[in-house]
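Everything below belongs to coords28.json, which stores JSON, C-alpha atoms and all ligand atoms.
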[["chain", "number", "residue", "atom", "x", "y", "z"],
["A", 222, "MET", "CA", -0.02, -17.91, -13.56],
["A", 223, "GLU", "CA", -2.00, -17.75, -10.32],
["A", 224, "PHE", "CA", -0.97, -15.75, -7.22],
["A", 225, "VAL", "CA", -2.48, -15.34, -3.80],
["A", 226, "PHE", "CA", -2.55, -11.65, -2.84],
["A", 227, "ALA", "CA", -1.49, -11.52, 0.82],
["A", 228, "SER", "CA", -3.75, -8.67, 1.90],
["A", 229, "SER", "CA", -6.99, -8.21, 3.80],
["A", 230, "ASN", "CA", -7.28, -4.50, 3.05],
["A", 231, "ALA", "CA", -10.30, -3.95, 0.79],
["A", 232, "GLY", "CA", -8.91, -0.66, -0.59],
["A", 233, "LYS", "CA", -5.63, -2.24, -1.67],
["A", 234, "ILE", "CA", -7.35, -5.30, -3.12],
["A", 235, "ARG", "CA", -9.63, -3.11, -5.27],
["A", 236, "GLU", "CA", -6.71, -1.07, -6.60],
["A", 237, "ILE", "CA", -4.46, -4.07, -7.30],
["A", 238, "GLU", "CA", -7.26, -5.93, -9.10],
["A", 239, "ASP", "CA", -8.00, -2.87, -11.22],
["A", 240, "LEU", "CA", -4.30, -2.44, -12.05],
["A", 241, "ILE", "CA", -3.60, -6.09, -12.89],
["A", 242, "GLY", "CA", -6.68, -6.53, -15.06],
["A", 243, "ASN", "CA", -6.27, -9.92, -16.72],
["A", 244, "ARG", "CA", -2.47, -9.95, -17.01],
["A", 245, "PHE", "CA", -2.39, -12.79, -14.53],
["A", 246, "GLN", "CA", -4.67, -14.43, -11.97],
["A", 247, "ILE", "CA", -4.67, -12.97, -8.48],
["A", 248, "LYS", "CA", -6.95, -13.87, -5.59],
["A", 249, "SER", "CA", -6.97, -12.23, -2.20],
["A", 250, "GLN", "CA", -6.04, -14.34, 0.84],
["A", 251, "GLN", "CA", -9.57, -13.72, 2.11],
["A", 252, "ASN", "CA", -10.72, -16.45, -0.31],
["A", 253, "TRP", "CA", -8.88, -18.94, 1.92],
["A", 254, "GLY", "CA", -9.95, -17.27, 5.18],
["A", 255, "ILE", "CA", -6.32, -16.42, 5.98],
["A", 256, "ALA", "CA", -5.93, -14.09, 8.96],
["A", 257, "PRO", "CA", -3.33, -11.34, 8.54],
["A", 258, "PRO", "CA", -0.06, -12.30, 10.29],
["A", 259, "GLU", "CA", 1.52, -9.99, 12.84],
["A", 260, "GLU", "CA", 3.73, -7.43, 11.12],
["A", 261, "THR", "CA", 6.64, -7.46, 13.53],
["A", 262, "ALA", "CA", 9.39, -5.88, 11.41],
["A", 263, "SER", "CA", 10.52, -2.28, 11.19],
["A", 264, "THR", "CA", 10.72, -2.01, 7.40],
["A", 265, "PHE", "CA", 8.10, -2.23, 4.64],
["A", 266, "LEU", "CA", 10.25, -4.78, 2.84],
["A", 267, "GLU", "CA", 10.45, -7.22, 5.75],
["A", 268, "ASN", "CA", 6.75, -6.88, 6.58],
["A", 269, "ALA", "CA", 5.82, -7.56, 2.96],
["A", 270, "LEU", "CA", 7.94, -10.73, 3.07],
["A", 271, "ILE", "CA", 6.23, -11.88, 6.29],
["A", 272, "LYS", "CA", 2.82, -11.50, 4.64],
["A", 273, "ALA", "CA", 3.84, -13.13, 1.35],
["A", 274, "ARG", "CA", 5.42, -16.15, 3.06],
["A", 275, "ASN", "CA", 2.41, -16.62, 5.32],
["A", 276, "ALA", "CA", -0.08, -16.63, 2.44],
["A", 277, "SER", "CA", 2.13, -18.81, 0.23],
["A", 278, "SER", "CA", 2.70, -21.41, 2.94],
["A", 279, "ILE", "CA", -1.02, -21.73, 3.67],
["A", 280, "THR", "CA", -2.19, -21.88, 0.04],
["A", 281, "GLY", "CA", 0.78, -23.57, -1.64],
["A", 282, "LEU", "CA", 0.65, -20.83, -4.30],
["A", 283, "PRO", "CA", 3.07, -18.13, -5.39],
["A", 284, "ALA", "CA", 2.25, -14.96, -3.46],
["A", 285, "ILE", "CA", 2.28, -11.20, -3.91],
["A", 286, "ALA", "CA", 2.23, -8.91, -0.86],
["A", 287, "ASP", "CA", 1.93, -5.14, -0.48],
["A", 288, "ASP", "CA", 3.30, -3.36, 2.55],
["A", 289, "SER", "CA", 2.68, 0.35, 2.34],
["A", 290, "GLY", "CA", 2.24, 3.47, 4.39],
["A", 291, "LEU", "CA", 2.55, 7.21, 4.73],
["A", 292, "CYS", "CA", 5.86, 8.84, 5.74],
["A", 293, "VAL", "CA", 5.72, 12.45, 6.93],
["A", 294, "GLU", "CA", 8.94, 14.45, 6.69],
["A", 295, "ALA", "CA", 8.33, 16.63, 9.77],
["A", 296, "LEU", "CA", 7.54, 13.53, 11.87],
["A", 297, "ASN", "CA", 10.75, 11.71, 10.88],
["A", 298, "GLY", "CA", 8.87, 9.29, 8.65],
["A", 299, "LEU", "CA", 5.93, 8.49, 10.93],
["A", 300, "PRO", "CA", 3.38, 6.95, 10.79],
["A", 301, "GLY", "CA", 5.54, 4.76, 8.52],
["A", 302, "VAL", "CA", 5.22, 1.00, 9.00],
["A", 303, "ASN", "CA", 2.56, 1.68, 11.64],
["A", 304, "SER", "CA", 0.28, 3.60, 9.26],
["A", 305, "ALA", "CA", -2.56, 1.08, 9.58],
["A", 306, "ASN", "CA", -2.46, 1.16, 13.40],
["A", 307, "TYR", "CA", -1.29, 4.72, 14.05],
["A", 308, "ALA", "CA", -4.12, 5.50, 16.47],
["A", 309, "GLY", "CA", -4.00, 2.04, 18.10],
["A", 310, "SER", "CA", -4.55, -1.51, 16.96],
["A", 311, "GLU", "CA", -7.39, -2.04, 14.49],
["A", 312, "GLU", "CA", -8.10, 1.66, 14.37],
["A", 313, "ILE", "CA", -10.25, 2.99, 11.62],
["A", 314, "ASP", "CA", -9.02, 5.37, 8.93],
["A", 315, "ALA", "CA", -10.86, 8.37, 10.40],
["A", 316, "ARG", "CA", -9.11, 8.04, 13.75],
["A", 317, "ASN", "CA", -5.70, 7.54, 12.17],
["A", 318, "MET", "CA", -6.24, 10.74, 10.16],
["A", 319, "SER", "CA", -7.42, 12.70, 13.21],
["A", 320, "LYS", "CA", -4.35, 11.65, 15.15],
["A", 321, "LEU", "CA", -2.05, 12.67, 12.30],
["A", 322, "LEU", "CA", -3.77, 16.06, 11.84],
["A", 323, "GLU", "CA", -3.50, 16.62, 15.59],
["A", 324, "ASN", "CA", 0.24, 15.81, 15.53],
["A", 325, "MET", "CA", 0.72, 18.16, 12.57],
["A", 326, "LYS", "CA", -0.89, 21.15, 14.30],
["A", 327, "GLY", "CA", 1.32, 24.21, 13.99],
["A", 328, "ILE", "CA", 3.76, 22.44, 11.64],
["A", 329, "GLU", "CA", 4.37, 24.31, 8.40],
["A", 330, "ASN", "CA", 6.41, 21.61, 6.61],
["A", 331, "ARG", "CA", 3.60, 19.34, 5.34],
["A", 332, "ARG", "CA", 5.73, 17.25, 2.92],
["A", 333, "ALA", "CA", 4.99, 13.52, 2.89],
["A", 334, "PHE", "CA", 5.05, 10.48, 0.65],
["A", 335, "PHE", "CA", 3.17, 7.26, 0.30],
["A", 336, "ILE", "CA", 5.38, 4.22, -0.21],
["A", 337, "CYS", "CA", 4.39, 0.81, -1.50],
["A", 338, "THR", "CA", 6.71, -2.18, -1.36],
["A", 339, "LEU", "CA", 5.55, -5.15, -3.39],
["A", 340, "ILE", "CA", 7.02, -8.62, -3.07],
["A", 341, "ALA", "CA", 6.48, -11.67, -5.25],
["A", 342, "ILE", "CA", 7.66, -15.13, -4.19],
["A", 343, "ARG", "CA", 7.19, -18.50, -5.86],
["A", 344, "ALA", "CA", 7.10, -20.33, -2.50],
["A", 345, "PRO", "CA", 7.77, -19.56, 1.20],
["A", 346, "SER", "CA", 11.36, -20.80, 0.75],
["A", 347, "ASP", "CA", 12.00, -18.74, -2.42],
["A", 348, "PRO", "CA", 15.62, -17.53, -2.06],
["A", 349, "ALA", "CA", 15.13, -14.79, -4.66],
["A", 350, "PRO", "CA", 11.98, -12.77, -3.97],
["A", 351, "ILE", "CA", 11.14, -10.04, -6.46],
["A", 352, "ALA", "CA", 10.99, -6.74, -4.55],
["A", 353, "VAL", "CA", 9.96, -3.37, -6.00],
["A", 354, "GLU", "CA", 9.00, -0.01, -4.54],
["A", 355, "GLY", "CA", 6.89, 2.97, -5.60],
["A", 356, "ARG", "CA", 6.55, 6.41, -4.00],
["A", 357, "TRP", "CA", 4.00, 9.18, -4.35],
["A", 358, "TYR", "CA", 4.88, 12.66, -3.08],
["A", 359, "GLY", "CA", 2.38, 15.16, -1.70],
["A", 360, "GLU", "CA", 1.49, 17.16, 1.38],
["A", 361, "ILE", "CA", -0.61, 16.63, 4.48],
["A", 362, "ALA", "CA", -3.78, 18.73, 4.09],
["A", 363, "ARG", "CA", -5.25, 20.76, 6.96],
["A", 364, "GLU", "CA", -8.54, 18.83, 6.84],
["A", 365, "PRO", "CA", -9.94, 15.73, 5.08],
["A", 366, "LYS", "CA", -11.53, 16.12, 1.65],
["A", 367, "GLY", "CA", -13.04, 13.59, -0.76],
["A", 368, "ASN", "CA", -14.48, 10.12, -0.32],
["A", 369, "GLN", "CA", -12.73, 7.90, -2.89],
["A", 370, "GLY", "CA", -9.81, 5.62, -2.10],
["A", 371, "PHE", "CA", -9.00, 4.53, 1.45],
["A", 372, "GLY", "CA", -6.68, 5.14, 4.40],
["A", 373, "TYR", "CA", -5.09, 8.58, 4.46],
["A", 374, "ASP", "CA", -6.25, 9.57, 0.94],
["A", 375, "PRO", "CA", -8.58, 12.37, 2.21],
["A", 376, "ILE", "CA", -5.64, 14.22, 3.80],
["A", 377, "PHE", "CA", -3.03, 13.53, 1.09],
["A", 378, "PHE", "CA", -2.94, 16.75, -0.94],
["A", 379, "LEU", "CA", -1.49, 16.79, -4.46],
["A", 380, "GLY", "CA", -0.27, 20.31, -5.19],
["A", 381, "GLU", "CA", -0.03, 19.90, -8.97],
["A", 382, "LEU", "CA", -3.64, 18.65, -9.18],
["A", 383, "GLY", "CA", -5.04, 20.93, -6.48],
["A", 384, "CYS", "CA", -6.98, 18.12, -4.76],
["A", 385, "THR", "CA", -6.54, 15.24, -2.35],
["A", 386, "ALA", "CA", -6.03, 11.60, -3.40],
["A", 387, "ALA", "CA", -9.56, 10.91, -2.15],
["A", 388, "GLU", "CA", -10.95, 13.32, -4.74],
["A", 389, "LEU", "CA", -9.51, 11.19, -7.58],
["A", 390, "GLU", "CA", -11.43, 8.42, -9.33],
["A", 391, "ILE", "CA", -9.75, 5.01, -8.92],
["A", 392, "LYS", "CA", -8.55, 5.12, -12.57],
["A", 393, "LYS", "CA", -6.81, 8.44, -12.00],
["A", 394, "LYS", "CA", -5.27, 7.35, -8.68],
["A", 395, "ASN", "CA", -4.12, 4.17, -10.41],
["A", 396, "ASN", "CA", -2.28, 6.26, -13.02],
["A", 397, "LEU", "CA", -0.27, 8.11, -10.42],
["A", 398, "SER", "CA", 0.05, 6.30, -7.13],
["A", 399, "HIS", "CA", 2.89, 4.61, -5.28],
["A", 400, "ARG", "CA", 1.04, 1.30, -5.73],
["A", 401, "ALA", "CA", 0.58, 1.82, -9.47],
["A", 402, "ASN", "CA", 4.27, 2.59, -9.98],
["A", 403, "ALA", "CA", 5.40, -0.36, -7.90],
["A", 404, "LEU", "CA", 3.02, -2.69, -9.70],
["A", 405, "LYS", "CA", 4.25, -1.66, -13.17],
["A", 406, "ASP", "CA", 7.75, -2.69, -12.12],
["A", 407, "LEU", "CA", 6.52, -5.90, -10.48],
["A", 408, "ILE", "CA", 4.65, -6.95, -13.62],
["A", 409, "ARG", "CA", 7.75, -6.32, -15.75],
["A", 410, "GLU", "CA", 9.89, -8.38, -13.36],
["A", 411, "ILE", "CA", 7.40, -11.24, -13.22],
["A", 412, "ASP", "CA", 7.08, -11.22, -17.03],
["A", 413, "GLY", "CA", 10.88, -11.40, -17.31],
["A", 414, "ASN", "CA", 11.55, -13.97, -14.59],
["A", 415, "TYR", "CA", 8.60, -16.31, -14.17],
["A", 416, "THR", "CA", 7.94, -18.75, -16.96],
["A", 417, "SER", "CA", 5.05, -20.64, -15.42],
["B", 1, "LIG", "P1", -2.79, -5.81, 4.77],
["B", 1, "LIG", "O1", -1.56, -5.93, 5.65],
["B", 1, "LIG", "O2", -3.77, -6.89, 5.03],
["B", 1, "LIG", "O3", -2.43, -5.67, 3.33],
["B", 1, "LIG", "P2", -2.98, -3.22, 6.04],
["B", 1, "LIG", "O4", -3.93, -2.09, 5.88],
["B", 1, "LIG", "O5", -2.66, -3.67, 7.44],
["B", 1, "LIG", "O6", -3.54, -4.46, 5.17],
["B", 1, "LIG", "P3", -0.29, -2.25, 5.74],
["B", 1, "LIG", "O7", 0.21, -2.87, 6.97],
["B", 1, "LIG", "O8", 0.57, -2.29, 4.50],
["B", 1, "LIG", "O9", -1.66, -2.91, 5.26],
["B", 1, "LIG", "O10", -0.67, -0.74, 6.08],
["B", 1, "LIG", "C1", -0.94, 0.13, 5.04],
["B", 1, "LIG", "C2", -1.63, 1.36, 5.60],
["B", 1, "LIG", "O11", -1.04, 2.53, 4.98],
["B", 1, "LIG", "C3", -3.09, 1.38, 5.19],
["B", 1, "LIG", "O12", -3.90, 0.74, 6.16],
["B", 1, "LIG", "C4", -3.36, 2.86, 5.05],
["B", 1, "LIG", "O13", -3.62, 3.42, 6.31],
["B", 1, "LIG", "C5", -2.03, 3.40, 4.54],
["B", 1, "LIG", "N1", -2.01, 3.40, 3.06],
["B", 1, "LIG", "C6", -1.29, 2.59, 2.24],
["B", 1, "LIG", "N2", -1.55, 2.85, 0.95],
["B", 1, "LIG", "C7", -2.46, 3.84, 0.95],
["B", 1, "LIG", "C8", -3.14, 4.53, -0.06],
["B", 1, "LIG", "O14", -2.98, 4.22, -1.35],
["B", 1, "LIG", "N3", -4.00, 5.48, 0.29],
["B", 1, "LIG", "C9", -4.19, 5.79, 1.60],
["B", 1, "LIG", "N4", -3.61, 5.18, 2.62],
["B", 1, "LIG", "C10", -2.74, 4.21, 2.31]]

Just give me the structure of the file as structure tokens.
Amino acid sequence: MEFVFASSNAGKIREIEDLIGNRFQIKSQQNWGIAPPEETASTFLENALIKARNASSITGLPAIADDSGLCVEALNGLPGVNSANYAGSEEIDARNMSKLLENMKGIENRRAFFICTLIAIRAPSDPAPIAVEGRWYGEIAREPKGNQGFGYDPIFFLGELGCTAAELEIKKKNNLSHRANALKDLIREIDGNYTS
């Protein structure tokens, strides 16, 4: 079965491709030159649906979308659905991290989690999307460390491992992460529900 992956984020695409292996065919929307749609909703679930429907309607293929982000307890869940644009539209990871570290100055409660909502639809009009979610708990570090991964990985500290997510090789991150856990469930659901 072939899916279009409704993402233009190189970090996500690398991780999803590594996780899916050859279980089924998945091609990023960049292969069709699809521009990311505006993510106008206030939940990960709704934004994932917007992206999946957009890519499916342009390609005519079933679609998978990933809407994800970092939720910080002491900031009432921010940056949340605005994780990609926390420091302004089209901001780069380094500036998003600086802004978050700045906003966390003097705050002792560093608890946070990454969340990944994955959606699969057969067509834009699919009345029964498959929706799954994965979470990964950690803490906001005091300074960035490591150069693997993407996004906020350099400031996402994993207490039990004693390192940040950006200090993990992709294989290790893909054993533990929010995206890995969501994808395991998505694959099981697709295997159980999609016959062709
Ligand atoms: P697409 O919509 O094209 O997929 P995007 O980057 O805009 O790309 P989102 O709207 O889902 O995607 O925003 C996700 C942001 O959350 C991402 O840009 C990172 O800043 C952050 N993020 C999500 N997963 C992450 C991870 O595994 N490691 C670090 N940061 C992550």

Exercise. Pick out the residues no farther than 7 Å from ligand LIG 1 (chain B), counting all atoms listed in the file, and list them as JSON, numbers by chain.
Key: {"A": [227, 228, 229, 230, 233, 257, 287, 288, 289, 290, 291, 302, 303, 304, 305, 314, 335, 337, 370, 371, 372, 373, 374, 398, 400]}

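For the residues A:Leu321, A:Ile241, A:Ile342, A:Val353, ranking by smallest atom-to-atom distance to Asn275 of chain A using all atoms listed in the file places A:Ile342 first.
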
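We find atom CA of Ala401 of chain A and atom CA of Gln251 of chain A to be spaced 21.9 Å apart.
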
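Distance-wise, atom CA of Ser277 of chain A and atom CA of Tyr307 of chain A end up 27.5 Å apart.
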
Practice problem: Give the answer as one residue: which of A:Ala276, A:Leu282, A:Met318, A:Leu407 has the shortest atom-to-atom distance to Phe377 of chain A, using all atoms listed in the file? | Solution: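 The answer is A:Met318, which sits nearest to Phe377 of chain A.
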
Quiz item: So how many Å separate atom CA of Leu379 of chain A and atom CA of Tyr358 of chain A, to one decimal?
Solution: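 If I compute the distance from atom CA of Leu379 of chain A to atom CA of Tyr358 of chain A, I get 7.7 Å.
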
Self-check item: Residue contacts of Gly359 of chain A (7 Å, only C-alpha atoms) excluding same-chain residues fewer than 4 positions away, as number ranges by chain
Solution: A: 332-334, 377-380

Might you pull out every residue within 12 Å of Leu322 of chain A, with all atoms listed in the file counted and same-chain residues fewer than 2 positions away left off, and present them as a short mmCIF file (atom, residue, chain, number, x, y, z; two decimals) with C-alpha atoms, in the frame of the given file?
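The file below, around.cif, is the result:
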data_model
loop_
_atom_site.label_atom_id
_atom_site.label_comp_id
_atom_site.auth_asym_id
_atom_site.auth_seq_id
_atom_site.Cartn_x
_atom_site.Cartn_y
_atom_site.Cartn_z
CA VAL A 293 5.72 12.45 6.93
CA LEU A 296 7.54 13.53 11.87
CA PRO A 300 3.38 6.95 10.79
CA TYR A 307 -1.29 4.72 14.05
CA ALA A 308 -4.12 5.50 16.47
CA ALA A 315 -10.86 8.37 10.40
CA ARG A 316 -9.11 8.04 13.75
CA ASN A 317 -5.70 7.54 12.17
CA MET A 318 -6.24 10.74 10.16
CA SER A 319 -7.42 12.70 13.21
CA LYS A 320 -4.35 11.65 15.15
CA ASN A 324 0.24 15.81 15.53
CA MET A 325 0.72 18.16 12.57
CA LYS A 326 -0.89 21.15 14.30
CA GLY A 327 1.32 24.21 13.99
CA ILE A 328 3.76 22.44 11.64
CA ARG A 331 3.60 19.34 5.34
CA GLU A 360 1.49 17.16 1.38
CA ILE A 361 -0.61 16.63 4.48
CA ALA A 362 -3.78 18.73 4.09
CA ARG A 363 -5.25 20.76 6.96
CA GLU A 364 -8.54 18.83 6.84
CA PRO A 365 -9.94 15.73 5.08
CA TYR A 373 -5.09 8.58 4.46
CA PRO A 375 -8.58 12.37 2.21
CA ILE A 376 -5.64 14.22 3.80
CA PHE A 377 -3.03 13.53 1.09
#

Quiz prompt | Pick from A:Ala349, A:Leu339, A:Ala286, A:Leu389, whichever lies nearest to Lys405 of chain A using only C-alpha atoms | solution = A:Leu339
